[in-house]
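Asker: Mind having a look at this structure? Questions to follow.
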Amino acid sequence: MPQPDNIPWESISDYVLACGTVREPYRFSVNALRRMRSLVRFDGGVVLMLDGNRKIVRSYFSNIPKRMSSLYLEYFSRSTDDNELFALNQSVDECPEQPSVRLINWHEQVHSGQSDPFIEAYIKPLGLKQSLSFWLNDLHDNPATAISLDRTDVEPFSPTDIQTVEVASAHLNNLYKNLFVRPQGQVRIWDGVRGAERLSPREQEVLELLCQGVKPTNIARILFISQGTANKHIGHIYQKLGVGSRQELLVRLLGK
């Protein structure tokens with residue numbers, strides 16, 4: 001789609017430079033939301049940080065009542081079905097040519113005749129008309145943080161607004177990924193454990209995720225491998241480290 005001539009390129013540059021001064025993922029995400037007001041007008045906003053199992057581990061709400069934010073988190077804590085309209089574990093593909101910016105017209109959802117607990121308990125009471133959301137990805141290109149910009153008035157996000165967020169979020173995504181790059185020489189939890197030197201690079205990736213509490217099914221999704229392949233890697237890790245379960249593995253690593 002052709003880009004409008006009035007995209008605020010200089011403001012986007014200033015925005016990205018300001019966001020890049022923060023080096024911690026949560027503060028980076030909150031700062032990105034707060035500063036987004038310099039680019040696009042919105043009434044309320046949400047930041048959701050997810051773990052490898054797509055569970056919310058931290059959140060931030062801007063200009064949203066505490067009671068409503070609690071309802072929001074309660075809904076998504078139960079939202080695990082891939083077929084649910086707003087589930088957090090739905091597939092999100094990263095594509096540089098098509099940034100993962102999503103526009104939801106709540107006004108249409110409300111009047112579509114579809115009944116959904118999220119719409120009834122959260123969208124209608126807040127009077128939301130539109131949400132413009134995007135994902136920030138981890139080093140495996142899997143969604144790690146969702147940021148949503150909400151509007152309550154009838155004036156929709158313009159094409160310029162949408163493409164401004166697309167441009168800005170693409171740069172944010174690159175900055176965000178760099179926050180997870182392990183510094184060279186940093187000690188890993190399995191360093192010094194007998195047998196760890198025999199782990200392959202892929203097995204090290206799987207072990208890193210196991211140590212984070214990520215379930216095997218989600219390890220397969222994160223690394224874009226089959227469930228069977230993930231299980232084989234886990235079996236090889238157990239064999240090489242001399243353990244028989246994840247619990248034994250953690251005891252072995254923590255007690256080295």
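Chain lettering (A, B, ...) mirrors the order of the structure tokens, residue numbering begins at 1 for each chain separately, and ligand numbering begins at 1 in order of display.
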Mind checking which residues fall within 8 Å of range 103-107 of chain A, counting only C-alpha atoms, ignoring those fewer than 3 positions away in the same chain, and posting them as a count of residues only?

Answerer: 9

Asker: Once you count only C-alpha atoms, what closest atom pair and distance in Å to one decimal does each residue of range 113-205 of chain A within 12 Å of range 60-81 of chain A have, with rows by chain and rising residue number, as a Markdown table?

Answerer:
| residue | atom | partner | partner_atom | distance |
| --- | --- | --- | --- | --- |
| A:Asp116 | CA | A:Tyr75 | CA | 10.7 |
| A:Pro117 | CA | A:Tyr75 | CA | 7.9 |
| A:Phe118 | CA | A:Tyr75 | CA | 6.7 |
| A:Ile119 | CA | A:Tyr72 | CA | 10.3 |
| A:Glu120 | CA | A:Leu71 | CA | 10.9 |
| A:Ala121 | CA | A:Leu71 | CA | 7.3 |
| A:Tyr122 | CA | A:Met68 | CA | 6.5 |
| A:Ile123 | CA | A:Met68 | CA | 9.6 |
| A:Lys124 | CA | A:Met68 | CA | 11.1 |
| A:Pro125 | CA | A:Met68 | CA | 8.7 |
| A:Leu126 | CA | A:Met68 | CA | 8.2 |
| A:Gly127 | CA | A:Ile64 | CA | 11.5 |
| A:Leu128 | CA | A:Ile64 | CA | 11.2 |
| A:Thr145 | CA | A:Tyr60 | CA | 11.1 |
| A:Ala146 | CA | A:Tyr60 | CA | 10.6 |
| A:Ile147 | CA | A:Tyr60 | CA | 9.5 |
| A:Ser148 | CA | A:Phe61 | CA | 9.7 |
| A:Leu149 | CA | A:Ser62 | CA | 9.4 |
| A:Asp150 | CA | A:Ser62 | CA | 9.8 |
| A:Arg151 | CA | A:Asn63 | CA | 11.3 |
| A:Thr152 | CA | A:Ile64 | CA | 11.6 |

Asker: For a quick check of understanding, using only C-alpha atoms, which of A:Lys55, A:His140, A:His171, A:Lys232 has the smallest distance to Cys19 in chain A?

Answerer: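 Closest residue, counting only C-alpha atoms: A:His171.
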
Asker: As number ranges by chain, please: all residues of range 90-178 of chain A that backbone DSSP puts in strand (DSSP E or B).

Answerer: A: 101-105, 130-137, 143-151

Asker: Restricted to N, CA and C atoms, what would the selected residues look like written as a JSON list (two decimals), in the first residue's frame?

Answerer:
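Saved file result-v1.json follows:
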[["chain", "number", "residue", "atom", "x", "y", "z"],
["A", 101, "VAL", "N", 0.84, -5.32, 12.65],
["A", 101, "VAL", "CA", -0.02, -4.31, 13.26],
["A", 101, "VAL", "C", -1.47, -4.69, 12.93],
["A", 102, "ARG", "N", -2.30, -4.76, 13.95],
["A", 102, "ARG", "CA", -3.68, -5.22, 13.76],
["A", 102, "ARG", "C", -4.65, -4.14, 14.19],
["A", 103, "LEU", "N", -5.60, -3.83, 13.34],
["A", 103, "LEU", "CA", -6.65, -2.87, 13.66],
["A", 103, "LEU", "C", -7.94, -3.62, 13.92],
["A", 104, "ILE", "N", -8.52, -3.42, 15.11],
["A", 104, "ILE", "CA", -9.79, -4.05, 15.45],
["A", 104, "ILE", "C", -10.85, -2.98, 15.56],
["A", 105, "ASN", "N", -11.93, -3.14, 14.82],
["A", 105, "ASN", "CA", -13.07, -2.23, 14.89],
["A", 105, "ASN", "C", -14.08, -2.80, 15.88],
["A", 130, "GLN", "N", -12.14, 1.43, 18.63],
["A", 130, "GLN", "CA", -11.07, 0.80, 17.85],
["A", 130, "GLN", "C", -9.86, 0.52, 18.73],
["A", 131, "SER", "N", -9.09, -0.51, 18.35],
["A", 131, "SER", "CA", -7.80, -0.77, 18.97],
["A", 131, "SER", "C", -6.79, -1.03, 17.86],
["A", 132, "LEU", "N", -5.62, -0.44, 18.03],
["A", 132, "LEU", "CA", -4.52, -0.64, 17.09],
["A", 132, "LEU", "C", -3.40, -1.31, 17.89],
["A", 133, "SER", "N", -3.10, -2.55, 17.56],
["A", 133, "SER", "CA", -2.15, -3.31, 18.38],
["A", 133, "SER", "C", -1.01, -3.87, 17.54],
["A", 134, "PHE", "N", 0.10, -4.15, 18.22],
["A", 134, "PHE", "CA", 1.25, -4.77, 17.54],
["A", 134, "PHE", "C", 2.03, -5.59, 18.54],
["A", 135, "TRP", "N", 2.85, -6.51, 18.01],
["A", 135, "TRP", "CA", 3.67, -7.39, 18.83],
["A", 135, "TRP", "C", 5.13, -7.02, 18.74],
["A", 136, "LEU", "N", 5.85, -7.26, 19.83],
["A", 136, "LEU", "CA", 7.30, -7.22, 19.84],
["A", 136, "LEU", "C", 7.77, -8.65, 20.06],
["A", 137, "ASN", "N", 8.74, -9.09, 19.28],
["A", 137, "ASN", "CA", 9.13, -10.49, 19.25],
["A", 137, "ASN", "C", 10.45, -10.75, 19.96],
["A", 143, "PRO", "N", 6.05, -13.97, 19.49],
["A", 143, "PRO", "CA", 5.50, -12.82, 20.21],
["A", 143, "PRO", "C", 5.85, -12.86, 21.70],
["A", 144, "ALA", "N", 6.41, -11.77, 22.21],
["A", 144, "ALA", "CA", 6.79, -11.69, 23.61],
["A", 144, "ALA", "C", 6.04, -10.59, 24.35],
["A", 145, "THR", "N", 5.74, -9.50, 23.66],
["A", 145, "THR", "CA", 5.02, -8.38, 24.28],
["A", 145, "THR", "C", 4.01, -7.81, 23.29],
["A", 146, "ALA", "N", 2.79, -7.61, 23.76],
["A", 146, "ALA", "CA", 1.74, -6.99, 22.94],
["A", 146, "ALA", "C", 1.48, -5.59, 23.46],
["A", 147, "ILE", "N", 1.34, -4.65, 22.54],
["A", 147, "ILE", "CA", 1.02, -3.27, 22.89],
["A", 147, "ILE", "C", -0.23, -2.87, 22.11],
["A", 148, "SER", "N", -1.21, -2.32, 22.82],
["A", 148, "SER", "CA", -2.47, -1.93, 22.19],
["A", 148, "SER", "C", -2.79, -0.48, 22.47],
["A", 149, "LEU", "N", -3.24, 0.23, 21.43],
["A", 149, "LEU", "CA", -3.66, 1.62, 21.53],
["A", 149, "LEU", "C", -5.18, 1.66, 21.30],
["A", 150, "ASP", "N", -5.92, 2.24, 22.24],
["A", 150, "ASP", "CA", -7.38, 2.21, 22.17],
["A", 150, "ASP", "C", -7.97, 3.60, 21.95],
["A", 151, "ARG", "N", -9.05, 3.65, 21.17],
["A", 151, "ARG", "CA", -9.81, 4.88, 20.97],
["A", 151, "ARG", "C", -11.25, 4.68, 21.38]]

Asker: Using only C-alpha atoms, I'd like a table of the residues in range 35-59 of chain A that come within 10 Å of range 193-216 of chain A; for each, show the closest atom pair and its distance in Å rounded to one decimal, ordered by chain and ascending number, as CSV.

Answerer:
residue,atom,partner,partner_atom,distance
A:Asp51,CA,A:Val214,CA,7.8
A:Gly52,CA,A:Val214,CA,5.3
A:Asn53,CA,A:Val214,CA,5.7
A:Arg54,CA,A:Val214,CA,9.3

Asker: In Å, rounded to a single decimal, give me how far CA of Tyr26 in chain A is from CA of Val47 in chain A.

Answerer: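 Taking CA of Val47 in chain A and CA of Tyr26 in chain A, their separation equals 8.8 Å.
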
Asker: Take CA of Asp141 in chain A and CA of Ala168 in chain A and report the distance between them in Å, one decimal.

Answerer: 17.5 Å

Asker: For CA of Val167 in chain A and CA of Pro8 in chain A, quote the distance in Å rounded to one decimal.

Answerer: 10.2 Å
